[in-house]
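Structure file protein12.txt; described as compact mmCIF, C-alpha atoms.
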# COMPACT_ATOMS: atom_id res chain seq x y z
CA MET K 1 -114.71 120.16 -19.33
CA ALA K 2 -113.52 118.71 -16.04
CA ALA K 3 -111.27 115.70 -16.18
CA LYS K 4 -112.61 112.57 -14.63
CA LYS K 5 -110.77 111.17 -11.67
CA ARG K 6 -109.61 107.61 -11.93
CA PRO K 7 -110.80 105.39 -9.15
CA ALA K 8 -108.01 104.53 -6.67
CA LYS K 9 -106.76 100.99 -6.77
CA LYS K 10 -107.58 98.92 -3.79
CA ARG K 11 -104.59 97.64 -1.90
CA SER K 12 -104.56 93.95 -1.24
CA SER K 13 -104.51 92.87 2.38
CA LYS K 14 -102.19 89.93 1.49
CA PRO K 15 -98.45 90.60 1.73
CA ALA K 16 -96.65 90.91 -1.53
CA LYS K 17 -94.59 87.92 -2.57
CA LYS K 18 -90.84 88.39 -2.21
CA SER K 19 -88.71 87.84 -5.20
CA VAL K 20 -86.34 84.90 -5.35
CA ALA K 21 -83.30 87.23 -5.24
CA THR K 22 -84.57 88.94 -2.09
CA SER K 23 -85.06 85.58 -0.36
CA LYS K 24 -81.53 84.48 -1.23
CA ARG K 25 -80.09 87.74 0.12
CA SER K 26 -82.02 87.31 3.39
CA ALA K 27 -80.80 83.74 3.86
CA LYS K 28 -77.23 84.80 3.19
CA SER K 29 -77.51 87.63 5.72
CA ALA K 30 -78.87 85.20 8.32
CA ARG K 31 -75.99 82.82 7.74
CA SER K 32 -73.49 85.68 8.03
CA ALA K 33 -75.05 86.83 11.29
CA LYS K 34 -74.94 83.28 12.68
CA SER K 35 -71.27 82.93 11.67
CA ALA K 36 -70.47 86.22 13.35
CA ARG K 37 -72.20 85.12 16.54
CA SER K 38 -70.30 81.80 16.48
CA ALA K 39 -66.99 83.59 16.00
CA LYS K 40 -67.80 85.98 18.83
CA SER K 41 -68.68 83.06 21.11
CA ALA K 42 -65.40 81.32 20.23
CA ARG K 43 -63.45 84.49 21.03
CA SER K 44 -65.27 84.81 24.34
CA ALA K 45 -64.53 81.18 25.22
CA LYS K 46 -60.88 81.66 24.31
CA SER K 47 -60.61 84.75 26.45
CA ALA K 48 -62.24 82.86 29.34
CA ARG K 49 -59.39 80.32 29.45
CA PRO K 50 -57.15 80.61 32.50
CA VAL K 51 -54.20 82.91 31.92
CA ARG K 52 -50.77 81.99 33.23
CA PRO K 53 -50.22 84.11 36.35
CA VAL K 54 -47.57 86.80 36.08
CA ARG K 55 -44.55 85.84 38.15
CA ARG K 56 -43.11 88.52 40.41
CA GLY K 57 -39.35 88.90 40.33
CA PRO K 58 -36.70 86.54 38.90
CA ARG K 59 -36.84 82.81 39.56
CA SER K 60 -34.37 81.41 42.03
CA ALA K 61 -31.62 78.99 41.01
CA ALA K 62 -33.35 76.26 43.02
CA GLN K 63 -36.58 76.76 41.05
CA ARG K 64 -34.76 76.61 37.72
CA VAL K 65 -32.77 73.49 38.61
CA SER K 66 -35.80 71.64 40.01
CA GLY K 67 -37.70 72.53 36.84
CA LEU K 68 -34.92 71.17 34.64
CA LEU K 69 -34.92 67.88 36.54
CA VAL K 70 -38.49 67.41 35.34
CA MET K 71 -38.13 68.91 31.85
CA LEU K 72 -35.04 67.05 30.69
CA PRO K 73 -36.44 63.50 31.02
CA TRP K 74 -39.63 64.76 29.36
CA ILE K 75 -37.86 66.21 26.31
CA MET K 76 -35.39 63.30 26.02
CA GLN K 77 -38.29 60.90 25.74
CA ARG K 78 -39.88 62.94 22.91
CA ARG K 79 -36.59 63.99 21.23
CA ARG K 80 -38.18 66.86 19.25
CA VAL K 81 -40.85 69.33 20.45
CA LYS K 82 -41.89 72.87 19.53
CA ILE K 83 -40.62 75.56 21.90
CA SER K 84 -44.12 76.99 22.25
CA THR K 85 -45.56 73.56 23.10
CA MET K 86 -42.91 72.86 25.73
CA ALA K 87 -43.30 76.33 27.26
CA ARG K 88 -47.06 75.76 27.68
CA GLN K 89 -46.44 72.29 29.11
CA PHE K 90 -44.26 73.64 31.93
CA ASN K 91 -46.05 76.96 32.46
CA LEU K 92 -43.09 79.08 31.31
CA SER K 93 -42.67 81.87 28.83
CA GLU K 94 -40.64 80.98 25.75
CA THR K 95 -37.86 83.31 26.91
CA GLU K 96 -37.66 81.58 30.28
CA LEU K 97 -37.63 78.15 28.65
CA VAL K 98 -34.81 79.11 26.27
CA GLU K 99 -32.73 80.49 29.17
CA ASP K 100 -33.18 77.28 31.17
CA LEU K 101 -32.30 75.04 28.23
CA GLN K 102 -29.22 77.11 27.45
CA MET K 103 -28.09 76.61 31.05
CA ALA K 104 -28.73 72.87 30.81
CA ALA K 105 -26.67 72.63 27.60
CA VAL K 106 -23.46 73.49 29.49
CA CYS K 107 -24.09 71.03 32.33
CA GLY K 108 -22.71 67.53 32.51
CA VAL K 109 -20.21 65.34 34.31
CA PRO K 110 -16.40 65.35 34.43
CA PRO K 111 -14.34 65.76 32.29
CA TYR K 112 -17.03 68.03 30.72
CA THR K 113 -16.14 67.09 27.18
CA PRO K 114 -18.88 67.46 24.52
CA ASP K 115 -19.92 63.82 24.89
CA ALA K 116 -20.31 64.29 28.67
CA LEU K 117 -22.63 67.32 28.42
CA ILE K 118 -26.42 67.31 28.22
CA ASP K 119 -27.20 67.25 24.49
CA VAL K 120 -30.06 69.72 24.03
CA PHE K 121 -30.30 72.57 21.49
CA MET K 122 -32.86 74.74 19.68
CA ASP K 123 -33.33 75.12 15.94
CA ASN K 124 -36.13 76.78 13.91
CA GLY K 125 -38.50 77.02 16.84
CA MET K 126 -37.91 73.42 17.91
CA VAL K 127 -36.24 71.92 20.99
CA ILE K 128 -34.11 68.92 20.06
CA ALA K 129 -32.61 66.60 22.66
CA GLU K 130 -30.47 63.48 22.52
CA VAL K 131 -29.60 61.08 25.32
CA PRO K 132 -25.97 61.73 26.40
CA LEU K 133 -23.60 58.78 26.33
CA VAL K 134 -23.00 59.10 30.06
CA PHE K 135 -26.71 58.47 30.67
CA SER K 136 -26.70 55.34 28.55
CA ARG K 137 -23.81 53.77 30.46
CA PRO K 138 -24.81 50.80 32.65
CA LEU K 139 -25.32 51.79 36.28
CA LYS K 140 -22.38 49.79 37.59
CA LEU K 141 -19.51 50.96 39.74
CA SER K 142 -16.00 50.50 38.47
CA THR K 143 -13.37 49.01 40.79
CA ALA K 144 -11.96 52.46 41.57
CA GLU K 145 -15.45 53.88 42.26
CA LEU K 146 -16.33 50.91 44.46
CA PHE K 147 -13.13 51.36 46.42
CA ALA K 148 -13.73 55.13 46.86
CA VAL K 149 -17.31 54.62 48.05
CA SER K 150 -16.20 51.97 50.52
CA VAL K 151 -13.43 54.13 51.99
CA MET K 152 -15.71 57.16 52.32
CA ALA K 153 -18.40 55.06 54.02
CA GLN K 154 -15.87 53.64 56.49
CA THR K 155 -14.64 57.17 57.19
CA ALA K 156 -18.16 58.42 57.86
CA LEU K 157 -18.79 55.56 60.29
CA GLN K 158 -15.69 56.57 62.26
CA LEU K 159 -17.04 60.07 62.93
CA PRO K 160 -18.29 60.77 66.47
CA GLY K 161 -22.01 60.19 66.79
CA ALA K 162 -22.26 57.95 63.72
CA ASN K 163 -24.80 55.13 63.89
CA LYS K 164 -22.69 51.97 63.70
CA LYS K 165 -25.76 49.85 62.88
CA GLY K 166 -27.63 52.27 60.63
CA PRO K 167 -28.36 52.25 56.87
CA LEU K 168 -24.80 53.26 55.96
CA ALA K 169 -23.33 50.30 57.85
CA SER K 170 -25.83 47.98 56.14
CA ALA K 171 -24.90 49.31 52.67
CA LEU K 172 -21.19 48.91 53.46
CA ALA K 173 -21.74 45.26 54.40
CA LYS K 174 -23.43 44.65 51.03
CA LEU K 175 -20.50 46.24 49.17
CA ALA K 176 -17.90 44.08 50.93
CA PRO K 177 -18.37 40.94 48.75
CA LEU K 178 -17.96 43.04 45.59
CA MET K 179 -14.59 44.46 46.61
CA PRO K 180 -11.51 43.11 44.78
CA ALA K 181 -9.30 40.54 46.50
CA GLY K 182 -7.19 42.07 49.24
CA ALA K 183 -9.27 45.23 49.54
CA GLU K 184 -11.21 43.84 52.48
CA THR K 185 -8.06 44.16 54.63
CA ILE K 186 -8.11 47.98 54.31
CA LYS K 187 -9.35 49.67 57.45
CA VAL K 188 -9.93 53.38 57.93
CA GLN K 189 -8.89 54.91 61.24
CA LEU K 190 -9.33 58.59 61.95
CA PRO K 191 -7.38 60.45 64.63
CA LYS K 192 -9.45 60.51 67.79
CA ALA K 193 -11.22 63.82 68.37
CA ARG K 194 -10.76 64.55 72.06
CA PHE K 195 -13.88 65.56 74.05
CA VAL K 196 -16.22 65.37 71.03
CA LYS K 197 -18.21 62.42 72.38
CA GLU K 198 -18.54 64.05 75.80
CA LEU K 199 -19.77 67.31 74.26
CA LEU K 200 -22.27 65.48 72.03
CA ALA K 201 -23.66 63.77 75.13
CA ALA K 202 -23.86 67.14 76.90
CA VAL K 203 -25.90 68.58 74.03
CA GLU K 204 -28.47 65.81 74.54
CA SER K 205 -28.58 66.03 78.32
CA GLY K 206 -28.11 69.78 78.80
CA GLU K 207 -25.23 69.20 81.21
CA ARG K 208 -22.92 72.08 81.91
CA HIS K 209 -19.16 71.63 81.74
CA GLU K 210 -16.24 73.49 83.20
CA ILE K 211 -13.49 73.83 80.62
CA GLU K 212 -9.97 75.15 80.47
CA TYR K 213 -9.63 76.91 77.13
CA PHE K 214 -6.54 78.21 75.37
CA SER K 215 -6.90 81.33 73.22
CA PRO K 216 -4.07 81.77 70.66
CA ALA K 217 -5.05 85.43 70.14
CA SER K 218 -4.22 86.40 73.72
CA LEU K 219 -1.91 83.42 74.46
CA LYS K 220 -3.86 82.93 77.69
CA ARG K 221 -5.79 80.10 79.29
CA SER K 222 -9.13 80.71 80.92
CA THR K 223 -11.45 78.58 83.02
CA ARG K 224 -15.11 78.95 82.15
CA THR K 225 -18.42 77.14 82.43
CA ILE K 226 -20.31 76.35 79.23
CA THR K 227 -23.64 74.75 78.33
CA PRO K 228 -23.09 72.99 74.96
CA ARG K 229 -25.87 73.52 72.40
CA LYS K 230 -24.41 72.16 69.16
CA VAL K 231 -21.31 70.22 68.10
CA PHE K 232 -20.27 70.40 64.45
CA GLU K 233 -17.34 69.82 62.10
CA ASP K 234 -16.06 72.35 59.57
CA SER K 235 -12.99 72.03 57.32
CA GLY K 236 -11.63 69.13 59.35
CA ARG K 237 -11.99 70.81 62.76
CA TRP K 238 -14.59 70.25 65.49
CA TYR K 239 -16.42 73.12 67.16
CA VAL K 240 -18.93 73.47 69.97
CA ALA K 241 -21.51 76.27 70.09
CA ALA K 242 -22.36 76.91 73.72
CA ASP K 243 -23.71 79.35 76.29
CA ASP K 244 -20.60 80.88 77.84
CA HIS K 245 -21.39 81.74 81.47
CA LEU K 246 -18.19 83.78 81.85
CA SER K 247 -19.04 86.35 79.15
CA GLY K 248 -22.82 85.85 79.29
CA GLU K 249 -22.93 85.33 75.52
CA ASP K 250 -23.28 82.57 72.92
CA ARG K 251 -19.80 81.53 71.84
CA VAL K 252 -18.22 79.00 69.47
CA PHE K 253 -15.15 77.13 70.80
CA ARG K 254 -12.68 75.00 68.91
CA VAL K 255 -12.70 71.60 70.56
CA ASP K 256 -8.97 70.99 70.02
CA ARG K 257 -8.26 74.11 72.12
CA ILE K 258 -10.14 72.72 75.12
CA GLU K 259 -7.43 71.35 77.42
CA LYS K 260 -9.64 70.16 80.28
CA LEU K 261 -13.30 69.21 80.45
CA ASN K 262 -15.19 68.47 83.65
CA GLY K 263 -18.92 67.88 83.94
CA THR K 264 -20.46 69.95 86.74
CA GLN K 265 -23.69 67.91 86.93
CA ILE K 266 -25.70 71.13 86.81
CA PHE K 267 -28.54 71.25 84.31
CA ASP K 268 -29.99 74.44 82.95
CA GLN K 269 -33.60 75.19 83.79
CA LEU K 270 -34.99 74.52 80.32
CA ARG K 271 -33.29 71.10 80.10
CA GLU K 272 -34.71 70.09 83.47
CA VAL K 273 -38.19 70.85 82.23
CA ARG K 274 -37.67 68.76 79.10
CA ASP K 275 -36.17 65.82 80.97
CA ASP K 276 -39.06 65.72 83.45
CA GLU K 277 -41.50 65.91 80.51
CA LEU K 278 -43.14 69.01 81.94
CA PRO K 279 -44.80 71.51 79.60
CA TRP K 280 -43.09 74.72 78.55
CA PHE K 281 -45.72 76.60 80.52
CA SER K 282 -44.90 74.87 83.81
CA GLU K 283 -44.81 76.98 86.94
CA SER K 284 -41.25 75.78 87.49
CA LEU K 285 -40.15 78.33 84.87
CA GLN K 286 -40.15 82.02 85.73
CA GLN K 287 -42.77 84.06 83.88
CA VAL K 288 -42.69 87.68 82.72
CA THR K 289 -45.30 89.95 81.19
CA LEU K 290 -44.18 92.11 78.26
CA ARG K 291 -45.96 94.87 76.35
CA VAL K 292 -45.04 94.21 72.73
CA GLN K 293 -45.53 97.01 70.19
CA LYS K 294 -46.27 96.53 66.48
CA GLN K 295 -42.63 96.81 65.38
CA ALA K 296 -41.67 93.90 67.67
CA ARG K 297 -44.60 91.66 66.73
CA TRP K 298 -42.10 88.98 65.66
CA ILE K 299 -41.77 88.06 69.36
CA VAL K 300 -45.42 87.00 69.47
CA GLU K 301 -44.94 84.91 66.33
CA SER K 302 -41.57 83.36 67.30
CA TYR K 303 -41.90 82.33 70.95
CA PRO K 304 -44.46 80.28 72.89
CA TYR K 305 -46.48 82.23 75.44
CA VAL K 306 -48.80 81.47 78.34
CA SER K 307 -51.39 84.16 77.57
CA ARG K 308 -51.86 87.31 75.52
CA VAL K 309 -54.09 90.36 75.57
CA ASP K 310 -54.56 92.40 72.38
CA ASN K 311 -54.79 96.13 73.14
CA LYS K 312 -56.72 98.72 71.12
CA ASP K 313 -53.54 100.52 70.04
CA GLY K 314 -52.23 97.33 68.35
CA SER K 315 -49.84 96.34 71.13
CA VAL K 316 -49.98 92.97 72.87
CA ASP K 317 -49.53 92.17 76.56
CA LEU K 318 -47.70 88.86 76.46
CA THR K 319 -47.07 86.52 79.40
CA MET K 320 -44.30 84.04 78.63
CA SER K 321 -41.86 81.70 80.34
CA ILE K 322 -38.14 82.49 80.37
CA THR K 323 -35.14 80.27 81.06
CA SER K 324 -32.87 82.94 82.51
CA LYS K 325 -32.44 86.65 83.14
CA HIS K 326 -29.61 86.65 80.62
CA TRP K 327 -31.89 85.26 77.88
CA LEU K 328 -34.56 87.90 78.58
CA GLY K 329 -31.96 90.68 78.52
CA ARG K 330 -30.77 89.65 75.05
CA LEU K 331 -34.36 89.47 73.82
CA LEU K 332 -35.09 92.99 75.11
CA LEU K 333 -31.90 94.28 73.51
CA ARG K 334 -32.92 92.88 70.11
CA ALA K 335 -36.42 94.33 70.36
CA GLY K 336 -35.25 97.83 71.34
CA ASN K 337 -38.08 100.27 72.03
CA GLY K 338 -40.65 97.76 70.79
CA VAL K 339 -40.91 95.92 74.13
CA LYS K 340 -41.42 96.99 77.73
CA VAL K 341 -41.43 94.78 80.84
CA LEU K 342 -44.63 95.13 82.85
CA LYS K 343 -43.77 92.57 85.52
CA PRO K 344 -41.91 91.46 87.53
CA VAL K 345 -40.74 94.85 88.75
CA GLU K 346 -37.06 93.85 89.06
CA TYR K 347 -36.84 93.37 85.27
CA LYS K 348 -38.28 96.75 84.23
CA GLN K 349 -34.78 98.26 83.82
CA LEU K 350 -33.22 95.08 82.42
CA ALA K 351 -33.07 96.37 78.83
CA SER K 352 -31.00 99.45 79.74
CA GLN K 353 -28.81 97.39 82.10
CA THR K 354 -28.06 94.87 79.33
CA ALA K 355 -27.27 97.66 76.85
CA GLN K 356 -24.87 99.31 79.34
CA SER K 357 -23.16 95.97 79.99
CA VAL K 358 -22.60 95.39 76.26
CA LEU K 359 -21.32 98.95 75.78
CA LEU K 360 -18.90 98.52 78.66
CA ARG K 361 -17.43 95.37 77.12
CA TYR K 362 -16.92 97.19 73.80
CA LYS K 363 -15.09 100.03 75.57
CA LYS K 364 -12.77 97.55 77.27
CA THR K 365 -11.82 95.92 73.96
CA ALA K 366 -11.39 99.26 72.11
Take the structure in the file and write it out as structure tokens.
Amino acid sequence: MAAKKRPAKKRSSKPAKKSVATSKRSAKSARSAKSARSAKSARSAKSARPVRPVRRGPRSAAQRVSGLLVMLPWIMQRRRVKISTMARQFNLSETELVEDLQMAAVCGVPPYTPDALIDVFMDNGMVIAEVPLVFSRPLKLSTAELFAVSVMAQTALQLPGANKKGPLASALAKLAPLMPAGAETIKVQLPKARFVKELLAAVESGERHEIEYFSPASLKRSTRTITPRKVFEDSGRWYVAADDHLSGEDRVFRVDRIEKLNGTQIFDQLREVRDDELPWFSESLQQVTLRVQKQARWIVESYPYVSRVDNKDGSVDLTMSITSKHWLGRLLLRAGNGVKVLKPVEYKQLASQTAQSVLLRYKKTA
């Protein structure tokens, strides 16, 4: 007897109802996914923040000192700050900050006793700073300090070329009423520096001078013509840097070894152009055309020129004004094989002629 088949149950077209537990698990999963997305977004935003650029090479002493001049008032005002916070504030790594603060801790004023040093130290990840006693002292000059400042100011005003009516003279006049009784009678007089004023005037005008100069090395006196370019003092002695027309070189002469000084009333070509307010490119100056190679490109960047032509091989044909044949010869000697004279024709062999002249002088002194 065949078994009867049971009729198949009809499936309902309506979705089955989810259990309460399943709904809770779904909601929890949705919250977890949302939290994960939020965390990922936060990490992305954090990574998008600007990163402190990596510094190439060590910092110079000037950079470190200028940074400390800003950092020290900042930390003294706050007294106590985290190292990490201060490093971020001044765009430094913590190692760099610690090195700078350690350097500052040994700086101060004479006599460099502990109370005269900058009081800054680090402890448990914190930077702690106190205001040194020397910084809390009233900004008033003592009698000795006032006297020293006054004497130094008077000395400076006695130097050749000093502005007798400038800011220093005005400050000295304001200090005079504060000086103790009797101090106003003190006058500073320096030994007169012979020829310094005349040489300073020659630097401004471009005037050439004929001098008689004594050389202690050779125990000889020589007469030469110079064009002063700069007058300066070093270690209590005056010097003049000048174009020496006898040797054809730039020389430095001690002013106290100049025994005679006579103005020749001859002005060099460049000074005449400046005095007449003519441009550097005036036709009154001689012009040359140079072919400058890549290795001597510094000439193009260092000197004014009338015109230039850039060649395909990277060289430059440069037309420029010159003040003298001697100046051009020295320029060619410095540039070596990187420069060639195109015109005028008489200067095409100037580089080799200058080199031979220098070599001959070295052979004579050897």
From CA of Cys107 (chain K) to CA of Thr143 (chain K) the spacing works out at 25.9 Å
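If you measure from each of K:Met179, K:Val292, K:Val306, K:Ala193 to Ser142 (chain K) using all atoms listed in the file, the closest one turns out to be K:Met179.
Between CA of Leu199 (chain K) and CA of Val252 (chain K) the separation is 12.7 Å.
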Option closest in space to Pro177 (chain K), from K:Thr155, K:Ser150, K:Ser60, K:Ser205 [counting only C-alpha atoms]
K:Ser150
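Of the residues listed (K:Asn262, K:Ser247, K:Thr85, K:Ser170), K:Ser247 shows the shortest atom-to-atom separation from Arg361 (chain K); distances use all atoms listed in the file.
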Separating CA of Ile226 (chain K) from CA of His245 (chain K), to the nearest tenth of an Å, is a gap of 5.9 Å
